[in-house]
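Undergrad: If it helps, the file is called structure_0.pdb and holds PDB, C-alpha atoms:
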```pdb
MODEL        1
ATOM      1  CA  MET A  17     -20.666  12.425 -14.901
ATOM      2  CA  LYS A  18     -22.460  13.739 -11.853
ATOM      3  CA  ALA A  19     -21.211  14.089  -8.299
ATOM      4  CA  ASN A  20     -22.839  12.626  -5.199
ATOM      5  CA  ASP A  21     -20.769  12.913  -1.978
ATOM      6  CA  GLN A  22     -17.371  11.339  -2.726
ATOM      7  CA  PHE A  23     -18.709   9.240  -5.598
ATOM      8  CA  LEU A  24     -18.756  10.133  -9.281
ATOM      9  CA  TYR A  25     -21.284   8.290 -11.388
ATOM     10  CA  HIS A  26     -20.635   7.655 -15.044
ATOM     11  CA  GLU A  27     -23.570   7.581 -17.449
ATOM     12  CA  SER A  28     -23.170   3.792 -17.719
ATOM     13  CA  GLY A  29     -23.714   3.481 -13.955
ATOM     14  CA  ALA A  30     -20.020   2.830 -13.228
ATOM     15  CA  CYS A  31     -18.795   4.408  -9.999
ATOM     16  CA  PHE A  32     -15.336   5.894  -9.551
ATOM     17  CA  PHE A  33     -13.808   7.446  -6.447
ATOM     18  CA  SER A  34     -10.474   8.057  -4.765
ATOM     19  CA  MET A  35      -9.319   8.343  -1.178
ATOM     20  CA  THR A  36      -6.040   9.459   0.306
ATOM     21  CA  PHE A  37      -4.229   7.457   2.971
ATOM     22  CA  GLN A  38      -1.110   7.350   5.109
ATOM     23  CA  ILE A  39       0.773   4.236   6.255
ATOM     24  CA  HIS A  40       3.066   4.150   9.276
ATOM     25  CA  PHE A  41       5.725   1.437   9.247
ATOM     26  CA  PHE A  42       8.990   0.340  10.818
ATOM     27  CA  TYR A  43      12.089  -0.973   9.067
ATOM     28  CA  GLU A  44      15.143  -2.613  10.581
ATOM     29  CA  LEU A  45      18.258  -0.528  11.274
ATOM     30  CA  SER A  46      20.087  -3.232  13.225
ATOM     31  CA  TYR A  47      19.350  -6.015  15.671
ATOM     32  CA  ARG A  48      16.387  -4.934  17.830
ATOM     33  CA  ILE A  49      16.573  -1.359  16.519
ATOM     34  CA  LYS A  50      13.784  -0.199  14.246
ATOM     35  CA  GLN A  51      13.260   3.100  12.437
ATOM     36  CA  GLN A  52       9.790   4.543  11.880
ATOM     37  CA  ALA A  53       8.728   6.001   8.534
ATOM     38  CA  ALA A  54       5.534   6.816   6.658
ATOM     39  CA  ALA A  55       4.082   6.528   3.185
ATOM     40  CA  ARG A  56       1.397   8.672   1.648
ATOM     41  CA  GLY A  57      -0.793   7.666  -1.212
ATOM     42  CA  ILE A  58      -4.100   7.529  -2.976
ATOM     43  CA  CYS A  59      -6.413   4.605  -3.669
ATOM     44  CA  HIS A  60      -8.534   4.662  -6.810
ATOM     45  CA  CYS A  61     -11.626   2.568  -7.400
ATOM     46  CA  ASN A  62     -12.066   1.619 -11.059
ATOM     47  CA  ILE A  63     -14.709  -0.421 -12.819
ATOM     48  CA  ASN A  64     -13.507  -2.895 -15.438
ATOM     49  CA  ASP A  65     -16.592  -3.454 -17.614
ATOM     50  CA  GLU A  66     -14.935  -6.175 -19.718
ATOM     51  CA  SER A  67     -14.107  -8.464 -16.797
ATOM     52  CA  LYS A  68     -17.044  -7.265 -14.638
ATOM     53  CA  THR A  69     -14.725  -6.459 -11.745
ATOM     54  CA  VAL A  70     -14.166  -3.555  -9.398
ATOM     55  CA  GLU A  71     -10.450  -2.818  -9.022
ATOM     56  CA  TYR A  72      -8.813  -0.907  -6.198
ATOM     57  CA  ARG A  73      -5.442   0.527  -7.267
ATOM     58  CA  VAL A  74      -2.880   2.433  -5.210
ATOM     59  CA  ASP A  75      -0.163   4.960  -5.822
ATOM     60  CA  LEU A  76       2.153   5.671  -2.890
ATOM     61  CA  LYS A  77       5.506   7.150  -1.973
ATOM     62  CA  THR A  78       7.387   6.579   1.285
ATOM     63  CA  ASP A  79       9.513   8.910   3.320
ATOM     64  CA  ILE A  80      13.227   8.546   2.655
ATOM     65  CA  ILE A  81      14.554   5.230   3.968
ATOM     66  CA  GLU A  82      18.241   4.914   4.855
ATOM     67  CA  ARG A  83      20.594   3.272   7.325
ATOM     68  CA  PRO A  84      24.342   3.199   7.900
ATOM     69  CA  TYR A  85      26.367   0.001   7.671
ATOM     70  CA  SER A  86      26.545  -1.787  10.999
ATOM     71  CA  ARG A  87      27.900  -4.995  12.377
ATOM     72  CA  GLY A  88      27.155  -6.515  15.737
ATOM     73  CA  ASN A  89      27.891  -9.523  17.863
ATOM     74  CA  GLU A  90      24.922 -10.702  19.876
ATOM     75  CA  LEU A  91      25.579 -13.627  22.211
ATOM     76  CA  LEU A  92      25.581 -16.562  19.779
ATOM     77  CA  PHE A  93      25.733 -14.899  16.371
ATOM     78  CA  ALA A  94      27.249 -12.046  14.453
ATOM     79  CA  SER A  95      25.023  -9.877  12.308
ATOM     80  CA  GLU A  96      25.825  -7.560   9.455
ATOM     81  CA  TYR A  97      23.483  -4.851   8.193
ATOM     82  CA  PRO A  98      24.474  -3.431   4.813
ATOM     83  CA  ALA A  99      24.122   0.306   4.308
ATOM     84  CA  ILE A 100      20.931   1.527   2.684
ATOM     85  CA  PRO A 101      21.508   4.729   0.738
ATOM     86  CA  ALA A 102      18.711   7.290   0.877
ATOM     87  CA  GLN A 103      15.797   6.011  -1.213
ATOM     88  CA  ARG A 104      12.018   5.905  -1.388
ATOM     89  CA  ILE A 105       9.624   3.105  -2.147
ATOM     90  CA  GLU A 106       7.296   4.229  -4.929
ATOM     91  CA  ILE A 107       4.332   2.216  -6.144
ATOM     92  CA  ARG A 108       2.236   3.282  -9.113
ATOM     93  CA  ASN A 109      -1.125   1.977 -10.256
ATOM     94  CA  HIS A 110      -0.817  -1.315  -8.338
ATOM     95  CA  ILE A 111      -3.975  -3.431  -7.960
ATOM     96  CA  ILE A 112      -4.408  -4.346  -4.292
ATOM     97  CA  HIS A 113      -7.929  -5.772  -4.453
ATOM     98  CA  LYS A 114     -10.354  -7.016  -7.107
ATOM     99  CA  MET A 115     -13.888  -8.199  -6.737
ATOM    100  CA  PRO A 116     -16.414  -9.360  -9.308
ATOM    101  CA  TYR A 117     -19.809  -7.740  -9.568
ATOM    102  CA  LYS A 118     -23.057  -9.237 -10.769
ATOM    103  CA  THR A 119     -25.305  -7.741 -13.412
ATOM    104  CA  PRO A 120     -27.932  -6.550 -13.490
ATOM    105  CA  ILE A 121     -27.099  -4.416 -10.469
ATOM    106  CA  ALA A 122     -30.141  -5.044  -8.298
ATOM    107  CA  TYR A 123     -28.318  -4.332  -5.032
ATOM    108  CA  ASP A 124     -26.984  -1.263  -3.256
ATOM    109  CA  TRP A 125     -23.989  -0.419  -5.442
ATOM    110  CA  ARG A 126     -22.644   2.219  -3.041
ATOM    111  CA  ILE A 127     -22.520  -0.209  -0.099
ATOM    112  CA  PHE A 128     -20.888  -2.831  -2.356
ATOM    113  CA  ILE A 129     -18.134  -0.360  -3.371
ATOM    114  CA  GLU A 130     -17.596   0.848   0.221
ATOM    115  CA  GLU A 131     -17.252  -2.728   1.551
ATOM    116  CA  GLY A 132     -14.698  -3.443  -1.161
ATOM    117  CA  ALA A 133     -12.768  -0.320  -0.189
ATOM    118  CA  ARG A 134     -12.716  -1.416   3.457
ATOM    119  CA  ASN A 135     -11.336  -4.812   2.430
ATOM    120  CA  ALA A 136      -8.761  -3.226   0.118
ATOM    121  CA  MET A 137      -7.558  -0.606   2.585
ATOM    122  CA  SER A 138      -6.525  -2.684   5.588
ATOM    123  CA  ILE A 139      -3.294  -3.168   7.515
ATOM    124  CA  PRO A 140      -2.875  -6.812   6.329
ATOM    125  CA  VAL A 141      -3.230  -5.756   2.665
ATOM    126  CA  MET A 142      -0.779  -2.863   3.133
ATOM    127  CA  GLN A 143       1.650  -5.170   4.985
ATOM    128  CA  LYS A 144       1.583  -7.615   2.073
ATOM    129  CA  LEU A 145       2.141  -4.770  -0.401
ATOM    130  CA  MET A 146       5.057  -3.251   1.528
ATOM    131  CA  ARG A 147       6.701  -6.642   2.168
ATOM    132  CA  ARG A 148       7.027  -7.181  -1.604
ATOM    133  CA  GLN A 149       8.933  -3.955  -2.211
ATOM    134  CA  LEU A 150      12.639  -4.053  -2.890
ATOM    135  CA  ILE A 151      15.139  -1.915  -1.043
ATOM    136  CA  HIS A 152      18.617  -1.670  -2.543
ATOM    137  CA  ASP A 153      22.077  -1.447  -1.023
ATOM    138  CA  GLU A 154      24.759   1.032  -2.064
ATOM    139  CA  PHE A 155      25.650  -1.219  -5.054
ATOM    140  CA  ASN A 156      21.990  -1.251  -6.205
ATOM    141  CA  ARG A 157      21.553  -4.904  -5.170
ATOM    142  CA  PRO A 158      18.225  -5.822  -3.582
ATOM    143  CA  ILE A 159      18.513  -6.595   0.129
ATOM    144  CA  ASP A 160      16.078  -8.061   2.608
ATOM    145  CA  VAL A 161      14.868  -5.384   4.987
ATOM    146  CA  PRO A 162      11.947  -6.426   7.191
ATOM    147  CA  ILE A 163       9.112  -3.880   7.069
ATOM    148  CA  LYS A 164       6.274  -3.922   9.593
ATOM    149  CA  VAL A 165       3.177  -1.806   8.943
ATOM    150  CA  SER A 166       2.005  -0.372  12.258
ATOM    151  CA  GLY A 167      -0.828   1.927  11.252
ATOM    152  CA  LEU A 168      -3.115   3.054   8.452
ATOM    153  CA  LEU A 169      -4.992   6.356   8.329
ATOM    154  CA  ILE A 170      -7.615   6.755   5.613
ATOM    155  CA  ASN A 171      -9.256   9.992   4.543
ATOM    156  CA  TRP A 172     -12.667   8.690   3.445
ATOM    157  CA  HIS A 173     -13.882  12.221   2.539
TER     158      HIS A 173
ENDMDL
END
```
Go through the file and emit its structure as structure tokens.
TA:
Amino acid sequence: MKANDQFLYHESGACFFSMTFQIHFFYELSYRIKQQAAARGICHCNINDESKTVEYRVDLKTDIIERPYSRGNELLFASEYPAIPAQRIEIRNHIIHKMPYKTPIAYDWRIFIEEGARNAMSIPVMQKLMRRQLIHDEFNRPIDVPIKVSGLLINWH
């Protein structure tokens, strides 16, 4: 393998690289009250020669998420918010984006990979990823906790 900027080129021509990122998000504490948190992670670009696809995979870990039990009466309805014991969302080796590539490679491979990375690392993709994650109550039952991604910082180094 030989290095060129942030890219590593394999003898077969496959290109691998990684970039770190940080997500800022809000989760619901109670009616109209949100708590901000962050997640840090790394995105890896892998080439799957068998399927002729470029895969973007992420590993991430959030700050500790927690909330006390609360109950409220708001005008027309009562709401109950179960306690969330201290926990983190951890995601390992999750594919967030795939794209096929054509052979022979008679196009600018670097631009192709960078465009794929821009599509993979976007707020809508991160929102979809975070929305699927389960948060558990004090009895280890999954509960619905709305999560809203508010920002994404990428270290493209």
Undergrad: Which residue out of A:Arg73, A:Arg87, A:His40, A:Lys68 has the minimum interatomic distance to Met146 in chain A when all atoms listed in the file are used?
TA: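 Going through A:Arg73, A:Arg87, A:His40, A:Lys68 one by one, the smallest distance to Met146 in chain A is for A:His40.
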Undergrad: Could the centre and edge lengths of an axis-aligned box, enclosing all atoms of range 132-136 of chain A in the file with 6 Å extra on each side, be given in Å to one decimal as JSON?
TA:
```
{"center_x": -11.7, "center_y": -2.6, "center_z": 1.1, "size_x": 17.9, "size_y": 16.5, "size_z": 16.6}
```
Undergrad: Run the PyMOL selection byres ((chain A and resi 82) around 6) against the file shown and list the residues it catches, as an MDAnalysis selection string.
TA: chainID A and resid 81 83 100:102
Undergrad: In Å to one decimal, how far is CA of Asn135 in chain A from CA of Tyr123 in chain A?
TA: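 Pair CA of Tyr123 in chain A / CA of Asn135 in chain A returns 18.6 Å.
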Undergrad: For range 68-87 of chain A versus range 47-59 of chain A, which residues have an atom no more than 7 Å away, and what is each residue's nearest atom pair and distance in Å rounded to one decimal, using all atoms listed in the file, chain-then-number order, as CSV?
TA:
```
residue,atom,partner,partner_atom,distance
A:Tyr72,CA,A:Cys59,CA,6.5
A:Arg73,CA,A:Cys59,CA,5.5
A:Val74,CA,A:Cys59,CA,4.4
A:Asp75,CA,A:Gly57,CA,5.4
A:Leu76,CA,A:Gly57,CA,3.9
A:Lys77,CA,A:Ala55,CA,5.4
A:Thr78,CA,A:Ala55,CA,3.8
A:Asp79,CA,A:Ala54,CA,5.6
```
Undergrad: Only C-alpha atoms, please: the residues just picked out, written as a PDB file, in the coordinates of the input.
TA:
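Now in out-v7.pdb:
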```
ATOM      1  CA  TYR A  72      -8.813  -0.907  -6.198  1.00  0.00           C
ATOM      2  CA  ARG A  73      -5.442   0.527  -7.267  1.00  0.00           C
ATOM      3  CA  VAL A  74      -2.880   2.433  -5.210  1.00  0.00           C
ATOM      4  CA  ASP A  75      -0.163   4.960  -5.822  1.00  0.00           C
ATOM      5  CA  LEU A  76       2.153   5.671  -2.890  1.00  0.00           C
ATOM      6  CA  LYS A  77       5.506   7.150  -1.973  1.00  0.00           C
ATOM      7  CA  THR A  78       7.387   6.579   1.285  1.00  0.00           C
ATOM      8  CA  ASP A  79       9.513   8.910   3.320  1.00  0.00           C
TER       9      ASP A  79
END
```
Undergrad: Using the chain letters and numbers from the file, give me the residues hit by the PyMOL selection byres ((chain A and resi 64-66) around 10), as a list in words.
TA: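 With the shown file as input, the PyMOL selection byres ((chain A and resi 64-66) around 10) matches Ser28, Ala30, Cys61, Asn62, Ile63, Ser67, Lys68, Thr69, Val70, Glu71, Lys114, Pro116 and Tyr117 of chain A.
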Undergrad: Between CA of Ser34 in chain A and CA of Gln103 in chain A, what is the distance, to one decimal in Å?
TA: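 Here the two named atoms are 26.6 Å from each other.
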Undergrad: Go through A:Met137, A:Tyr97, A:His152, A:Met142 one by one, measure the shortest atom-to-atom distance of each to Thr36 in chain A using only C-alpha atoms, and give the residue with the smallest value.
TA: A:Met137
Undergrad: May I ask for the distance between CA of Ala136 in chain A and CA of Gln149 in chain A, given in Å to one decimal place?
TA: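 We find that CA of Ala136 in chain A and CA of Gln149 in chain A lie 17.9 Å from each other.
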